[in-house]
$ cat model30.txt   # compact mmCIF, C-alpha atoms
# COMPACT_ATOMS: atom_id res chain seq x y z
CA MET A 1 -60.43 -59.81 41.90
CA SER A 2 -58.71 -59.89 45.29
CA ASN A 3 -55.51 -58.00 46.06
CA LEU A 4 -53.62 -61.29 45.96
CA GLU A 5 -55.09 -62.21 42.57
CA ASN A 6 -54.21 -58.76 41.20
CA ALA A 7 -50.65 -59.07 42.50
CA TYR A 8 -50.31 -62.56 41.04
CA ALA A 9 -51.58 -61.44 37.64
CA ALA A 10 -49.22 -58.44 37.55
CA GLN A 11 -46.16 -60.33 38.83
CA SER A 12 -46.73 -63.28 36.48
CA LEU A 13 -45.87 -60.94 33.61
CA LEU A 14 -42.50 -60.18 35.26
CA ILE A 15 -41.17 -63.74 35.59
CA GLY A 16 -37.72 -63.77 34.02
CA LYS A 17 -37.47 -59.99 34.11
CA LEU A 18 -35.54 -57.44 36.14
CA LEU A 19 -37.54 -56.10 39.09
CA GLY A 20 -34.99 -53.43 39.89
CA THR A 21 -31.53 -52.43 41.07
CA SER A 22 -31.03 -50.97 44.52
CA PRO A 23 -29.04 -47.85 45.35
CA TRP A 24 -25.40 -48.35 46.35
CA LEU A 25 -24.75 -48.98 50.07
CA LEU A 26 -21.42 -48.25 51.72
CA ILE A 27 -19.91 -51.12 53.69
CA ASP A 28 -17.50 -49.27 55.95
CA GLN A 29 -15.50 -50.40 58.96
CA THR A 30 -18.06 -49.04 61.40
CA ARG A 31 -20.75 -51.28 59.88
CA ILE A 32 -18.37 -54.27 59.81
CA ASP A 33 -17.36 -53.75 63.45
CA ALA A 34 -21.00 -53.48 64.56
CA PHE A 35 -21.86 -56.69 62.72
CA ALA A 36 -18.84 -58.46 64.27
CA GLN A 37 -19.99 -57.40 67.73
CA THR A 38 -23.60 -58.40 67.13
CA THR A 39 -22.70 -61.82 65.73
CA GLU A 40 -19.79 -62.41 68.12
CA ASP A 41 -17.48 -62.96 65.14
CA PRO A 42 -14.45 -60.69 65.69
CA GLN A 43 -12.11 -62.61 63.38
CA PHE A 44 -9.13 -60.39 62.50
CA ILE A 45 -9.92 -60.38 58.77
CA HIS A 46 -13.00 -58.31 59.67
CA VAL A 47 -11.85 -56.06 62.52
CA ASN A 48 -8.05 -55.64 62.49
CA ALA A 49 -7.01 -53.52 59.49
CA GLU A 50 -3.23 -53.76 60.03
CA ARG A 51 -3.21 -57.51 60.49
CA ALA A 52 -5.66 -58.05 57.61
CA LYS A 53 -3.44 -55.97 55.33
CA ALA A 54 -0.30 -57.88 56.39
CA GLU A 55 -1.73 -61.41 56.47
CA THR A 56 -4.41 -61.55 53.77
CA PRO A 57 -4.59 -60.84 50.05
CA PHE A 58 -7.43 -58.32 50.58
CA SER A 59 -5.39 -55.16 51.34
CA GLY A 60 -7.46 -54.60 54.46
CA THR A 61 -10.49 -55.87 56.32
CA ILE A 62 -13.41 -57.51 54.59
CA ALA A 63 -17.09 -57.68 55.44
CA HIS A 64 -18.55 -60.89 56.78
CA GLY A 65 -20.34 -62.79 54.01
CA PHE A 66 -23.42 -62.79 56.22
CA LEU A 67 -23.20 -59.00 56.58
CA THR A 68 -23.26 -58.69 52.79
CA LEU A 69 -26.21 -61.09 52.64
CA SER A 70 -28.04 -59.31 55.47
CA MET A 71 -28.07 -56.08 53.46
CA ALA A 72 -30.43 -57.81 51.01
CA SER A 73 -33.43 -56.89 53.17
CA ARG A 74 -32.58 -53.20 52.96
CA MET A 75 -31.88 -53.47 49.24
CA MET A 76 -35.21 -55.17 48.58
CA LYS A 77 -37.08 -52.59 50.69
CA ASP A 78 -35.47 -49.82 48.63
CA THR A 79 -36.14 -51.51 45.29
CA VAL A 80 -39.09 -53.88 45.15
CA ALA A 81 -42.54 -52.50 45.93
CA THR A 82 -45.04 -54.29 48.12
CA PHE A 83 -48.50 -55.05 46.81
CA GLN A 84 -51.82 -53.48 47.66
CA GLY A 85 -53.30 -55.45 50.54
CA GLN A 86 -49.97 -57.04 51.49
CA VAL A 87 -49.48 -57.02 55.25
CA MET A 88 -45.97 -58.51 55.48
CA THR A 89 -43.20 -60.34 53.70
CA LEU A 90 -41.76 -63.50 55.19
CA ASN A 91 -38.19 -64.57 54.44
CA ALA A 92 -38.43 -68.27 53.54
CA GLY A 93 -34.74 -68.87 52.81
CA PHE A 94 -32.21 -69.15 50.02
CA ASP A 95 -31.28 -71.68 47.35
CA LYS A 96 -27.90 -71.92 45.65
CA LEU A 97 -26.26 -69.24 47.80
CA ARG A 98 -22.68 -68.53 46.72
CA PHE A 99 -20.24 -65.97 48.11
CA LEU A 100 -18.03 -65.14 45.13
CA THR A 101 -15.98 -62.05 45.99
CA PRO A 102 -15.13 -60.54 49.39
CA VAL A 103 -16.40 -57.03 50.07
CA VAL A 104 -13.47 -54.91 51.25
CA SER A 105 -14.15 -52.26 53.88
CA GLY A 106 -15.03 -49.05 52.04
CA ASN A 107 -16.65 -50.82 49.07
CA LYS A 108 -20.19 -50.05 47.96
CA ILE A 109 -22.64 -52.82 47.11
CA ARG A 110 -26.05 -52.98 45.46
CA GLY A 111 -28.65 -55.64 44.75
CA ILE A 112 -30.10 -56.66 41.42
CA PHE A 113 -33.45 -58.45 41.66
CA GLU A 114 -34.92 -60.70 38.94
CA LEU A 115 -38.18 -62.61 39.44
CA LYS A 116 -37.63 -66.32 38.75
CA ASP A 117 -40.83 -67.95 39.97
CA LEU A 118 -44.19 -67.13 41.48
CA LYS A 119 -46.75 -69.42 43.06
CA GLN A 120 -49.93 -68.87 45.02
CA THR A 121 -49.62 -71.19 48.03
CA SER A 122 -52.86 -70.27 49.84
CA THR A 123 -55.67 -67.74 49.69
CA THR A 124 -53.42 -65.22 51.47
CA ARG A 125 -49.89 -66.09 50.31
CA LEU A 126 -47.73 -65.67 47.23
CA ARG A 127 -44.35 -67.45 47.17
CA MET A 128 -41.77 -65.59 45.10
CA VAL A 129 -38.31 -66.76 44.08
CA THR A 130 -36.05 -63.87 43.17
CA LYS A 131 -32.54 -64.17 41.79
CA LEU A 132 -30.45 -61.78 43.85
CA THR A 133 -27.05 -60.66 42.65
CA ILE A 134 -25.12 -58.36 44.98
CA GLU A 135 -22.60 -56.36 42.99
CA ILE A 136 -19.52 -54.56 44.26
CA GLU A 137 -18.93 -51.13 42.76
CA GLY A 138 -15.99 -51.30 40.33
CA SER A 139 -15.79 -55.11 40.33
CA THR A 140 -16.65 -57.38 37.42
CA LYS A 141 -17.42 -60.27 39.77
CA PRO A 142 -20.35 -60.06 42.22
CA ALA A 143 -20.09 -60.47 45.97
CA LEU A 144 -22.82 -63.10 45.98
CA VAL A 145 -25.54 -64.73 43.94
CA THR A 146 -28.56 -66.57 45.30
CA ASP A 147 -32.18 -67.48 44.74
CA TRP A 148 -34.12 -65.76 47.53
CA ILE A 149 -37.48 -67.17 48.55
CA ASN A 150 -40.02 -64.78 50.06
CA VAL A 151 -43.69 -65.10 50.87
CA ALA A 152 -45.98 -62.11 50.44
CA VAL A 153 -48.82 -62.36 52.96
CA PHE A 154 -52.12 -60.64 52.22
CA SER A 155 -54.95 -59.68 54.54
CA GLU A 156 -57.88 -62.05 54.60
CA LEU A 157 -60.14 -59.02 54.81
CA GLU A 158 -60.61 -57.10 51.60
$ encode --input "model30.txt" --output "structure tokens"
Amino acid sequence: MSNLENAYAAQSLLIGKLLGTSPWLLIDQTRIDAFAQTTEDPQFIHVNAERAKAETPFSGTIAHGFLTLSMASRMMKDTVATFQGQVMTLNAGFDKLRFLTPVVSGNKIRGIFELKDLKQTSTTRLRMVTKLTIEIEGSTKPALVTDWINVAVFSELE
């Protein structure tokens, strides 16, 4: 069997199951400020602690929703193994993305990955849909929930 066929067979058994939970990541003001600068989004709720405390219900600054989402790549790298013969993973997008709870500066977040669907789309590609829940340490409500679509690309040479 090819590396892709082996990966498909192994992953098929995991549909509907937990793939893993990432380590906690600190979302501090330094990270938020860097993201604001990179994305040219310096809205006060993200970068001005005094004003955010006075004018919002969050008791301080909050991370951009897209910052929280962007940490998914790191979380997946730390949690979900690649397959033998896999040469890259392509991000193919998100379905049903919902930002549920703001991440306050100083919070820690982690990702929970559950395999929802798996399909071989070519002789070198596996399309995976993973339910991603990003939790906030100490919160009963997650920061976000989404179905993340990735494509595992395998070498044609085996």
$ residues_around --input "model30.txt" --residues "stretch 134-138 of chain A" --least-positions-apart "5" --cutoff "6 Å" --atoms "only C-alpha atoms" --output "list in words"
Lys108, Ile109, Arg110, Gly111, Ala143 and Leu144 of chain A
$ atom_distance --input "model30.txt" --atom1 "atom CA of A:Leu97" --atom2 "atom CA of A:Thr146"
4.3 Å
$ closest_residue --input "model30.txt" --among "A:Ala92, A:Val151, A:Ala9, A:Leu132" --to "A:Thr79" --atoms "only C-alpha atoms"
A:Leu132
$ atom_distance --input "model30.txt" --atom1 "atom CA of A:Ile27" --atom2 "atom CA of A:Thr133"
16.2 Å
$ residues_near_point --input "model30.txt" --point "(-40.7, -65.8, 45.7)" --cutoff "7 Å" --atoms "all atoms listed in the file" --output "PDB file with C-alpha atoms, in the frame of the given file"
ATOM      1  CA  ASP A 117     -40.830 -67.950  39.970  1.00  0.00           C
ATOM      2  CA  LEU A 118     -44.190 -67.130  41.480  1.00  0.00           C
ATOM      3  CA  ARG A 127     -44.350 -67.450  47.170  1.00  0.00           C
ATOM      4  CA  MET A 128     -41.770 -65.590  45.100  1.00  0.00           C
ATOM      5  CA  VAL A 129     -38.310 -66.760  44.080  1.00  0.00           C
ATOM      6  CA  THR A 130     -36.050 -63.870  43.170  1.00  0.00           C
ATOM      7  CA  TRP A 148     -34.120 -65.760  47.530  1.00  0.00           C
ATOM      8  CA  ILE A 149     -37.480 -67.170  48.550  1.00  0.00           C
ATOM      9  CA  ASN A 150     -40.020 -64.780  50.060  1.00  0.00           C
ATOM     10  CA  VAL A 151     -43.690 -65.100  50.870  1.00  0.00           C
TER      11      VAL A 151
END
$ atom_distance --input "model30.txt" --atom1 "atom CA of A:Ala63" --atom2 "atom CA of A:Met76"
19.5 Å
$ residues_around --input "model30.txt" --residues "A:Phe44" --least-positions-apart "5" --cutoff "12 Å" --atoms "all atoms listed in the file" --output "number ranges by chain"
A: 32-33, 36, 49-56, 60-64
$ residues_around --input "model30.txt" --residues "A:Gly65" --least-positions-apart "6" --cutoff "10 Å" --atoms "only C-alpha atoms" --output "PyMOL selection string"
chain A and resi 98-103+143-144
$ closest_residue --input "model30.txt" --among "A:Val145, A:Val80, A:Leu14, A:Leu90" --to "A:Thr68" --atoms "only C-alpha atoms"
A:Val145
$ closest_residue --input "model30.txt" --among "A:Arg74, A:Thr123, A:Val104, A:Val87" --to "A:Trp24" --atoms "all atoms listed in the file"
A:Arg74
$ closest_residue --input "model30.txt" --among "A:Lys141, A:Lys17, A:Arg125, A:Arg31" --to "A:Met71" --atoms "only C-alpha atoms"
A:Arg31
$ residues_around --input "model30.txt" --residues "A:Ala7" --least-positions-apart "4" --cutoff "9 Å" --atoms "all atoms listed in the file" --output "JSON, numbers by chain"
{"A": [2, 3, 11, 12, 83, 84, 126]}
$ closest_residue --input "model30.txt" --among "A:Gln120, A:Glu156, A:Leu18, A:Lys131" --to "A:Glu5" --atoms "all atoms listed in the file"
A:Gln120
$ closest_residue --input "model30.txt" --among "A:Leu26, A:Ile45, A:Leu4, A:Ala72" --to "A:Ile112" --atoms "only C-alpha atoms"
A:Ala72
